[in-house]
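Peer 1: Sending over final.csv (CSV, C-alpha atoms and all ligand atoms).
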chain,number,residue,atom,x,y,z
A,1,MET,CA,177.6,122.0,-30.4
A,2,ALA,CA,176.3,122.8,-26.9
A,3,GLU,CA,178.4,125.2,-25.0
A,4,LYS,CA,180.3,124.0,-22.0
A,5,ASP,CA,178.6,124.9,-18.7
A,6,ASN,CA,181.5,125.2,-16.3
A,7,SER,CA,179.9,127.5,-13.9
A,8,SER,CA,179.0,125.8,-10.6
A,9,ALA,CA,177.5,129.0,-9.2
A,10,GLY,CA,173.9,129.9,-9.5
A,11,LYS,CA,172.5,126.3,-9.8
A,12,ASP,CA,170.0,125.1,-7.3
A,13,TYR,CA,168.8,121.5,-7.5
A,14,GLN,CA,166.7,121.8,-4.4
A,15,ILE,CA,167.6,118.3,-3.4
A,16,ASN,CA,165.6,118.5,-0.2
A,17,VAL,CA,162.4,119.2,-2.1
A,18,PRO,CA,160.5,116.0,-3.0
A,19,TYR,CA,159.8,115.6,-6.7
A,20,SER,CA,156.4,116.7,-7.7
A,21,GLN,CA,154.0,113.8,-8.0
A,22,GLU,CA,150.6,115.3,-8.1
A,23,ALA,CA,147.7,113.0,-8.7
A,24,PHE,CA,145.5,113.9,-11.7
A,25,PHE,CA,142.3,115.5,-10.6
A,26,LEU,CA,139.8,113.2,-12.3
A,27,LYS,CA,138.4,110.0,-10.8
A,28,GLY,CA,139.9,106.9,-12.3
A,29,CYS,CA,142.2,108.8,-14.7
A,30,ASN,CA,145.4,108.9,-12.8
A,31,HIS,CA,147.1,106.2,-14.9
A,32,LEU,CA,146.2,107.7,-18.3
A,33,ASP,CA,148.9,109.0,-20.6
A,34,TRP,CA,149.8,112.7,-20.6
A,35,GLY,CA,148.0,113.4,-23.9
A,36,MET,CA,144.7,111.9,-22.8
A,37,GLN,CA,144.9,113.8,-19.4
A,38,SER,CA,145.7,117.0,-21.3
A,39,ARG,CA,142.6,116.5,-23.5
A,40,LEU,CA,140.5,115.6,-20.5
A,41,SER,CA,141.7,118.9,-18.9
A,42,GLN,CA,140.1,120.7,-21.9
A,43,ILE,CA,136.7,119.2,-21.0
A,44,PHE,CA,136.9,119.3,-17.2
A,45,ASN,CA,138.0,122.4,-15.4
A,46,PRO,CA,141.1,121.4,-13.3
A,47,LYS,CA,140.1,123.9,-10.6
A,48,THR,CA,136.8,122.3,-9.8
A,49,GLY,CA,137.2,118.9,-11.5
A,50,ARG,CA,133.9,119.5,-13.2
A,51,THR,CA,132.4,120.4,-16.6
A,52,VAL,CA,129.4,122.0,-18.2
A,53,MET,CA,129.0,120.5,-21.7
A,54,LEU,CA,126.6,121.8,-24.2
A,55,ALA,CA,125.0,118.9,-26.2
A,56,PHE,CA,123.9,120.0,-29.6
A,57,ASP,CA,124.2,116.7,-31.5
A,58,HIS,CA,120.5,116.1,-31.6
A,59,GLY,CA,120.3,116.7,-35.3
A,60,TYR,CA,122.0,113.4,-36.0
A,61,ILE,CA,118.8,111.6,-35.1
A,62,MET,CA,116.1,114.4,-34.8
A,63,GLY,CA,117.0,116.9,-37.6
A,64,PRO,CA,116.5,120.6,-36.7
A,65,THR,CA,115.4,120.2,-33.1
A,66,THR,CA,113.5,123.1,-31.5
A,67,GLY,CA,116.0,125.7,-30.4
A,68,LEU,CA,118.7,124.4,-32.7
A,69,GLU,CA,117.2,125.4,-36.0
A,70,ARG,CA,120.3,127.6,-36.7
A,71,LEU,CA,123.4,126.0,-35.2
A,72,ASP,CA,125.6,128.8,-36.6
A,73,LEU,CA,123.6,131.4,-34.6
A,74,VAL,CA,122.8,129.4,-31.4
A,75,VAL,CA,126.0,127.4,-30.5
A,76,PRO,CA,128.7,130.1,-30.9
A,77,GLU,CA,126.6,132.4,-28.7
A,78,LEU,CA,126.5,129.8,-25.9
A,79,ALA,CA,130.0,128.5,-26.3
A,80,GLU,CA,131.6,131.1,-24.1
A,81,ASP,CA,129.4,130.0,-21.1
A,82,VAL,CA,130.2,126.3,-21.2
A,83,ASP,CA,133.4,124.3,-20.9
A,84,CYS,CA,132.9,121.9,-23.7
A,85,LEU,CA,130.8,121.5,-26.9
A,86,MET,CA,129.3,118.2,-27.8
A,87,GLY,CA,128.4,117.9,-31.5
A,88,THR,CA,128.7,116.1,-34.8
A,89,ARG,CA,131.6,116.7,-37.2
A,90,GLY,CA,129.3,118.3,-39.7
A,91,ALA,CA,128.1,120.8,-37.1
A,92,LEU,CA,131.6,121.6,-36.0
A,93,ARG,CA,133.0,122.0,-39.4
A,94,ASN,CA,130.2,124.2,-40.7
A,95,CYS,CA,129.1,126.2,-37.7
A,96,ILE,CA,131.8,126.5,-35.0
A,97,PRO,CA,134.6,128.9,-35.5
A,98,PRO,CA,138.0,127.1,-35.3
A,99,THR,CA,139.1,129.9,-32.9
A,100,TYR,CA,137.0,128.1,-30.3
A,101,HIS,CA,139.6,126.6,-27.9
A,102,LYS,CA,137.7,124.8,-25.2
A,103,GLY,CA,136.7,121.1,-25.1
A,104,ILE,CA,135.2,119.3,-28.0
A,105,ALA,CA,133.2,116.0,-27.4
A,106,LEU,CA,132.8,114.7,-30.9
A,107,ARG,CA,129.8,112.6,-31.6
A,108,CYS,CA,131.3,109.5,-33.3
A,109,SER,CA,128.5,106.9,-33.4
A,110,ALA,CA,125.9,107.2,-36.0
A,111,GLY,CA,122.6,105.4,-36.6
A,112,SER,CA,119.0,105.6,-37.7
A,113,SER,CA,116.7,108.5,-37.0
A,114,VAL,CA,113.8,108.9,-34.7
A,115,LEU,CA,111.6,107.5,-37.5
A,116,ASP,CA,113.0,104.0,-36.8
A,117,GLU,CA,111.2,102.0,-34.1
A,118,ASP,CA,114.5,100.5,-33.0
A,119,MET,CA,117.4,103.0,-33.0
A,120,SER,CA,119.8,100.8,-31.1
A,121,HIS,CA,121.8,99.6,-34.1
A,122,GLU,CA,124.5,102.2,-34.5
A,123,ILE,CA,127.8,102.1,-36.2
A,124,ILE,CA,131.1,104.0,-35.7
A,125,GLY,CA,130.5,106.9,-38.0
A,126,VAL,CA,133.7,108.9,-37.4
A,127,ASP,CA,137.1,107.3,-37.1
A,128,VAL,CA,139.9,108.4,-34.7
A,129,GLU,CA,141.9,110.0,-37.5
A,130,ASP,CA,139.0,112.4,-38.3
A,131,ALA,CA,138.6,113.1,-34.6
A,132,ILE,CA,142.2,114.1,-34.4
A,133,ARG,CA,141.8,116.3,-37.5
A,134,LEU,CA,139.0,118.0,-35.7
A,135,ASN,CA,141.1,118.4,-32.6
A,136,ALA,CA,138.5,116.6,-30.5
A,137,SER,CA,139.0,116.2,-26.8
A,138,CYS,CA,137.0,113.0,-26.6
A,139,MET,CA,134.9,110.7,-28.9
A,140,ALA,CA,131.3,110.1,-27.9
A,141,ILE,CA,129.8,106.6,-28.6
A,142,GLN,CA,126.2,105.7,-27.8
A,143,THR,CA,125.6,102.4,-26.0
A,144,PHE,CA,122.3,100.5,-25.8
A,145,ILE,CA,122.4,98.2,-22.8
A,146,GLY,CA,119.4,95.8,-22.8
A,147,ALA,CA,118.3,96.8,-26.3
A,148,PRO,CA,118.4,94.7,-29.5
A,149,GLY,CA,121.6,96.5,-30.6
A,150,GLU,CA,123.4,96.1,-27.3
A,151,LYS,CA,126.2,93.9,-28.5
A,152,SER,CA,127.0,95.9,-31.6
A,153,SER,CA,127.0,99.1,-29.6
A,154,ILE,CA,129.5,97.6,-27.2
A,155,GLU,CA,131.6,96.6,-30.1
A,156,ASN,CA,131.5,100.2,-31.3
A,157,LEU,CA,132.5,101.4,-27.9
A,158,CYS,CA,135.4,98.9,-27.5
A,159,LYS,CA,136.8,99.6,-30.9
A,160,THR,CA,136.7,103.4,-30.2
A,161,VAL,CA,138.3,102.9,-26.8
A,162,ASP,CA,141.1,100.9,-28.5
A,163,ALA,CA,141.6,103.6,-31.1
A,164,GLY,CA,141.4,106.4,-28.5
A,165,ASN,CA,144.0,104.7,-26.3
A,166,ARG,CA,146.4,104.4,-29.3
A,167,TYR,CA,146.0,108.2,-30.0
A,168,GLY,CA,145.5,109.6,-26.6
A,169,ILE,CA,141.8,110.6,-27.0
A,170,ALA,CA,139.3,109.6,-24.3
A,171,THR,CA,136.0,107.9,-25.1
A,172,LEU,CA,132.7,109.2,-23.7
A,173,GLY,CA,130.4,106.3,-23.3
A,174,VAL,CA,126.8,107.5,-23.6
A,175,ILE,CA,124.1,105.4,-21.9
A,176,ALA,CA,121.0,105.4,-24.1
A,177,VAL,CA,117.8,104.1,-22.6
A,178,GLY,CA,116.0,101.9,-25.2
A,179,LYS,CA,112.3,101.9,-25.5
A,180,GLN,CA,112.2,98.5,-23.7
A,181,MET,CA,114.2,99.6,-20.7
A,182,GLU,CA,113.0,101.4,-17.6
A,183,ARG,CA,114.9,104.2,-16.0
A,184,THR,CA,115.6,102.4,-12.8
A,185,THR,CA,118.6,102.8,-10.5
A,186,LYS,CA,119.3,99.1,-11.1
A,187,PHE,CA,119.5,99.8,-14.9
A,188,PHE,CA,121.8,102.7,-14.5
A,189,LEU,CA,124.0,100.8,-12.0
A,190,LEU,CA,124.4,98.1,-14.5
A,191,ALA,CA,124.9,100.2,-17.6
A,192,THR,CA,127.3,102.8,-16.2
A,193,ARG,CA,129.5,100.1,-14.6
A,194,MET,CA,129.6,98.0,-17.9
A,195,VAL,CA,130.5,101.0,-20.0
A,196,ALA,CA,133.3,102.0,-17.6
A,197,GLU,CA,134.6,98.5,-17.5
A,198,PHE,CA,134.8,98.4,-21.3
A,199,GLY,CA,137.2,101.3,-20.9
A,200,ALA,CA,135.2,104.5,-21.5
A,201,GLN,CA,137.1,107.2,-19.6
A,202,ILE,CA,133.9,109.4,-19.2
A,203,ILE,CA,130.3,108.1,-18.7
A,204,LYS,CA,127.2,110.1,-19.7
A,205,THR,CA,124.0,108.9,-18.1
A,206,TYR,CA,120.7,110.2,-16.7
A,207,TYR,CA,120.1,111.3,-13.2
A,208,CYS,CA,118.1,108.8,-11.1
A,209,GLU,CA,117.1,107.9,-7.6
A,210,ASP,CA,120.0,106.8,-5.4
A,211,PHE,CA,122.3,108.5,-7.9
A,212,GLU,CA,125.1,108.4,-5.2
A,213,LYS,CA,125.2,104.6,-5.5
A,214,VAL,CA,125.6,104.9,-9.3
A,215,VAL,CA,128.5,107.3,-8.8
A,216,ALA,CA,130.1,105.1,-6.1
A,217,ALA,CA,129.9,101.9,-8.3
A,218,CYS,CA,131.3,103.6,-11.4
A,219,PRO,CA,135.1,103.8,-11.6
A,220,ALA,CA,135.0,106.7,-14.1
A,221,PRO,CA,133.6,110.3,-13.9
A,222,ILE,CA,129.9,110.6,-14.7
A,223,VAL,CA,128.2,113.5,-16.4
A,224,ILE,CA,124.5,113.7,-16.6
A,225,ALA,CA,122.4,114.3,-19.7
A,226,GLY,CA,119.6,116.8,-19.3
A,227,GLY,CA,116.8,114.8,-21.1
A,228,LYS,CA,113.5,116.3,-22.2
A,229,LYS,CA,112.9,120.0,-21.5
A,230,LEU,CA,111.9,120.7,-17.9
A,231,PRO,CA,110.8,124.0,-16.3
A,232,GLU,CA,114.1,125.9,-15.7
A,233,ALA,CA,113.8,125.7,-11.9
A,234,ASP,CA,113.5,121.9,-12.1
A,235,ALA,CA,116.4,121.4,-14.5
A,236,LEU,CA,118.6,123.5,-12.2
A,237,GLU,CA,117.5,121.5,-9.2
A,238,MET,CA,118.3,118.3,-11.0
A,239,ALA,CA,121.7,119.6,-11.9
A,240,TYR,CA,122.3,120.6,-8.3
A,241,ARG,CA,121.3,117.2,-7.0
A,242,ALA,CA,123.5,115.4,-9.5
A,243,ILE,CA,126.5,117.5,-8.6
A,244,SER,CA,126.0,117.3,-4.9
A,245,GLU,CA,125.6,113.5,-5.2
A,246,GLY,CA,128.9,113.1,-7.1
A,247,ALA,CA,128.5,113.9,-10.8
A,248,ALA,CA,131.5,115.4,-12.4
A,249,GLY,CA,129.4,117.6,-14.5
A,250,VAL,CA,126.4,117.9,-16.9
A,251,ASP,CA,126.1,117.4,-20.6
A,252,MET,CA,122.9,119.3,-21.2
A,253,GLY,CA,121.1,120.1,-24.4
A,254,ARG,CA,117.4,120.9,-24.6
A,255,ASN,CA,117.3,122.2,-21.0
A,256,ILE,CA,119.7,124.9,-22.1
A,257,PHE,CA,118.9,125.7,-25.7
A,258,GLN,CA,115.2,125.4,-25.3
A,259,ALA,CA,115.1,127.5,-22.1
A,260,GLU,CA,113.3,130.8,-22.4
A,261,ASN,CA,116.7,132.5,-22.2
A,262,PRO,CA,119.4,129.9,-23.2
A,263,LYS,CA,122.3,132.1,-22.3
A,264,ALA,CA,121.1,132.8,-18.8
A,265,MET,CA,120.4,129.1,-18.4
A,266,ALA,CA,123.9,128.1,-19.4
A,267,ARG,CA,125.3,130.6,-16.9
A,268,ALA,CA,123.0,129.4,-14.2
A,269,ILE,CA,124.1,125.8,-14.8
A,270,HIS,CA,127.7,127.0,-14.7
A,271,LYS,CA,127.0,128.5,-11.3
A,272,VAL,CA,125.7,125.1,-10.0
A,273,VAL,CA,128.5,123.1,-11.4
A,274,HIS,CA,131.5,125.4,-10.6
A,275,ASP,CA,130.4,127.8,-7.9
A,276,GLY,CA,128.4,125.7,-5.5
A,277,LEU,CA,124.9,127.4,-6.0
A,278,ASP,CA,122.0,125.2,-5.2
A,279,GLY,CA,118.8,124.8,-7.2
A,280,LYS,CA,117.0,127.7,-5.7
A,281,GLN,CA,120.0,130.1,-5.7
A,282,SER,CA,120.8,129.3,-9.3
A,283,TYR,CA,117.1,129.8,-10.4
A,284,GLU,CA,117.2,133.2,-8.7
A,285,PHE,CA,120.4,133.9,-10.6
A,286,TYR,CA,118.7,132.8,-13.8
A,287,LEU,CA,115.7,135.1,-13.3
A,288,ALA,CA,118.0,138.0,-12.5
A,289,THR,CA,120.2,137.3,-15.5
A,290,LYS,CA,117.6,136.7,-18.2
A,301,LIG,C1,121.1,112.5,-27.9
A,301,LIG,O1,121.1,111.6,-28.6
A,301,LIG,C2,122.4,113.2,-27.6
A,301,LIG,O2,123.3,112.3,-27.1
A,301,LIG,C3,122.2,114.3,-26.6
A,301,LIG,O3,123.5,114.8,-26.6
A,301,LIG,C4,121.8,114.0,-25.2
A,301,LIG,O4,120.5,113.4,-25.3
A,301,LIG,C5,121.9,115.2,-24.3
A,301,LIG,O5,121.0,116.1,-24.7
A,301,LIG,P1,119.7,116.4,-23.8
A,301,LIG,O6,120.2,117.1,-22.6
A,301,LIG,O7,118.9,117.3,-24.6
A,301,LIG,O8,119.1,115.1,-23.4
So, in terms of structure tokens, how does the structure I just supplied come out?
Ligand code: R5P
Peer 2:
Amino acid sequence: MAEKDNSSAGKDYQINVPYSQEAFFLKGCNHLDWGMQSRLSQIFNPKTGRTVMLAFDHGYIMGPTTGLERLDLVVPELAEDVDCLMGTRGALRNCIPPTYHKGIALRCSAGSSVLDEDMSHEIIGVDVEDAIRLNASCMAIQTFIGAPGEKSSIENLCKTVDAGNRYGIATLGVIAVGKQMERTTKFFLLATRMVAEFGAQIIKTYYCEDFEKVVAACPAPIVIAGGKKLPEADALEMAYRAISEGAAGVDMGRNIFQAENPKAMARAIHKVVHDGLDGKQSYEFYLATK
């Protein structure tokens, strides 16, 4: 039985102080439940509202990609320099120490390999229960707007959003560019808006011309994929432009782990995303660090 608390001295209800009603720091995420916001805070740094995600899920379509031949050696080494790891459940279970406590973006769609001419017919390869067992912060689903598998990829996305909403895990909608699509601003405006309207809480897309318009029209935070390997200075400049035009972060793979010095590159990207360095300053930082 609780003890009686008869003492009226020493209590201060601060009745003149308005109750704290802070808005959540991420665009479009104010109405989400506590659990989902908590998981999003594992991915995005609440101080800057941004994230550096390391994508290393390439093996699910490409096998042992250059730079990722040994996941167990490469990824834990880079993990300390990024906010979130994006990988498959096999890679996580086999190669990432469970003592890692930052964000996890779990690759949950699965499909055919790069040997297939049309890779747009994916399935949901990981269900929400396994995502929870892996303590995932969000579930990543590939969408193929304008490709033959468009409709089924949207079905995968919507089912995952529904499951994620039930359990408090966000869905990261990844915009894939099918072979038949061109990387135009018009395409990215369409695709990002669609995927956000289907309920994805985070959108991953490519940087493009007039990127500010893509950000403005998308009601959810956008992170950019790095794409094919660029010279380090160009990749840093692209990251800088994306951030200065409204991206909430980067989800970069090859431009980090295929860099001449991956660790220095991860740190330089971090400087752009969280510390306001521009492309030139961050490249100088990269050269000095490597
Ligand atoms: C590819 O299918 C994956 O979604 C990658 O995570 C994505 O392409 C990002 O990696 P990168 O920066 O190498 O393009």
Peer 1: For the contact check between chain A and ligand LIG 301 (chain A), emit one row per residue of chain A within 10 Å, containing the shortest atom pair and the distance in Å rounded to one decimal, counting only C-alpha atoms and all ligand atoms, chain then rising number order, as a tab-separated table.
Peer 2:
residue	atom	partner	partner_atom	distance
A:Met53	CA	A:LIG301	C5	9.2
A:Leu54	CA	A:LIG301	O5	8.0
A:Ala55	CA	A:LIG301	O3	4.4
A:Phe56	CA	A:LIG301	O3	6.0
A:Asp57	CA	A:LIG301	O3	5.3
A:His58	CA	A:LIG301	C1	5.2
A:Gly59	CA	A:LIG301	O1	8.5
A:Tyr60	CA	A:LIG301	O1	7.7
A:Ile61	CA	A:LIG301	O1	6.9
A:Met62	CA	A:LIG301	O1	8.4
A:Thr65	CA	A:LIG301	O7	9.6
A:Leu85	CA	A:LIG301	O3	9.9
A:Met86	CA	A:LIG301	O3	6.8
A:Gly87	CA	A:LIG301	O3	7.6
A:Thr88	CA	A:LIG301	O3	9.8
A:Ala105	CA	A:LIG301	O3	9.8
A:Arg107	CA	A:LIG301	O2	7.9
A:Ser109	CA	A:LIG301	O2	9.8
A:Ala110	CA	A:LIG301	O1	9.9
A:Ser113	CA	A:LIG301	O1	10.0
A:Val114	CA	A:LIG301	O1	9.9
A:Ala140	CA	A:LIG301	O2	8.3
A:Ile141	CA	A:LIG301	O2	8.8
A:Gln142	CA	A:LIG301	O2	7.2
A:Val174	CA	A:LIG301	O2	6.9
A:Ile175	CA	A:LIG301	O2	8.7
A:Ala176	CA	A:LIG301	O1	7.7
A:Lys204	CA	A:LIG301	C4	8.6
A:Thr205	CA	A:LIG301	C4	9.0
A:Tyr206	CA	A:LIG301	O8	8.5
A:Ile224	CA	A:LIG301	O6	8.1
A:Ala225	CA	A:LIG301	O6	4.6
A:Gly226	CA	A:LIG301	O6	3.4
A:Gly227	CA	A:LIG301	O8	3.3
A:Lys228	CA	A:LIG301	O8	5.9
A:Lys229	CA	A:LIG301	O7	7.3
A:Ala235	CA	A:LIG301	O6	9.9
A:Val250	CA	A:LIG301	O6	8.5
A:Asp251	CA	A:LIG301	C5	6.0
A:Met252	CA	A:LIG301	O6	3.8
A:Gly253	CA	A:LIG301	O7	3.6
A:Arg254	CA	A:LIG301	O7	3.9
A:Asn255	CA	A:LIG301	O6	6.1
A:Ile256	CA	A:LIG301	O6	7.8
A:Phe257	CA	A:LIG301	O7	8.5
A:Gln258	CA	A:LIG301	O7	8.9
Peer 1: Distance table requested - stretch 176-267 of chain A against stretch 12-31 of chain A, cut-off 8 Å, all atoms listed in the file: one row per qualifying residue with the closest atom pair and its distance in Å to one decimal, ordered by chain and rising residue number, as JSON lines.
Peer 2:
{"residue": "A:Gln201", "atom": "CA", "partner": "A:Cys29", "partner_atom": "CA", "distance": 7.3}
{"residue": "A:Pro219", "atom": "CA", "partner": "A:Gly28", "partner_atom": "CA", "distance": 5.8}
{"residue": "A:Ala220", "atom": "CA", "partner": "A:Gly28", "partner_atom": "CA", "distance": 5.2}
{"residue": "A:Pro221", "atom": "CA", "partner": "A:Lys27", "partner_atom": "CA", "distance": 5.7}
Peer 1: Identify, on the basis of only C-alpha atoms, every residue whose closest approach to A:Val128 does not exceed 9 Å; exclude the query and any residue fewer than 4 positions from it along the same chain; express the result as a PyMOL selection string.
Peer 2: chain A and resi 108+132-133+139+160+163-164+167+169
Peer 1: By how many Å are atom CA of A:Glu182 and atom CA of A:Met119 apart?
Peer 2: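 Calculated distance between atom CA of A:Glu182 and atom CA of A:Met119 is 16.1 Å.
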Peer 1: To one decimal place in Å, what is the distance between atom CA of A:Gly276 and atom CA of A:Leu236?
Peer 2: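 Atom-to-atom, atom CA of A:Gly276 and atom CA of A:Leu236 are spaced 12.1 Å apart.
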Peer 1: Check the smallest atom-to-atom distance from each of A:Lys186, A:Arg39, A:Arg193, A:His121 to A:Ile104 using all atoms listed in the file, then report the winner.
Peer 2: A:Arg39
Peer 1: So how far away is atom CA of A:Phe198 from atom CA of A:Gln42, in Å?
Peer 2: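 A separation of 22.9 Å between them.
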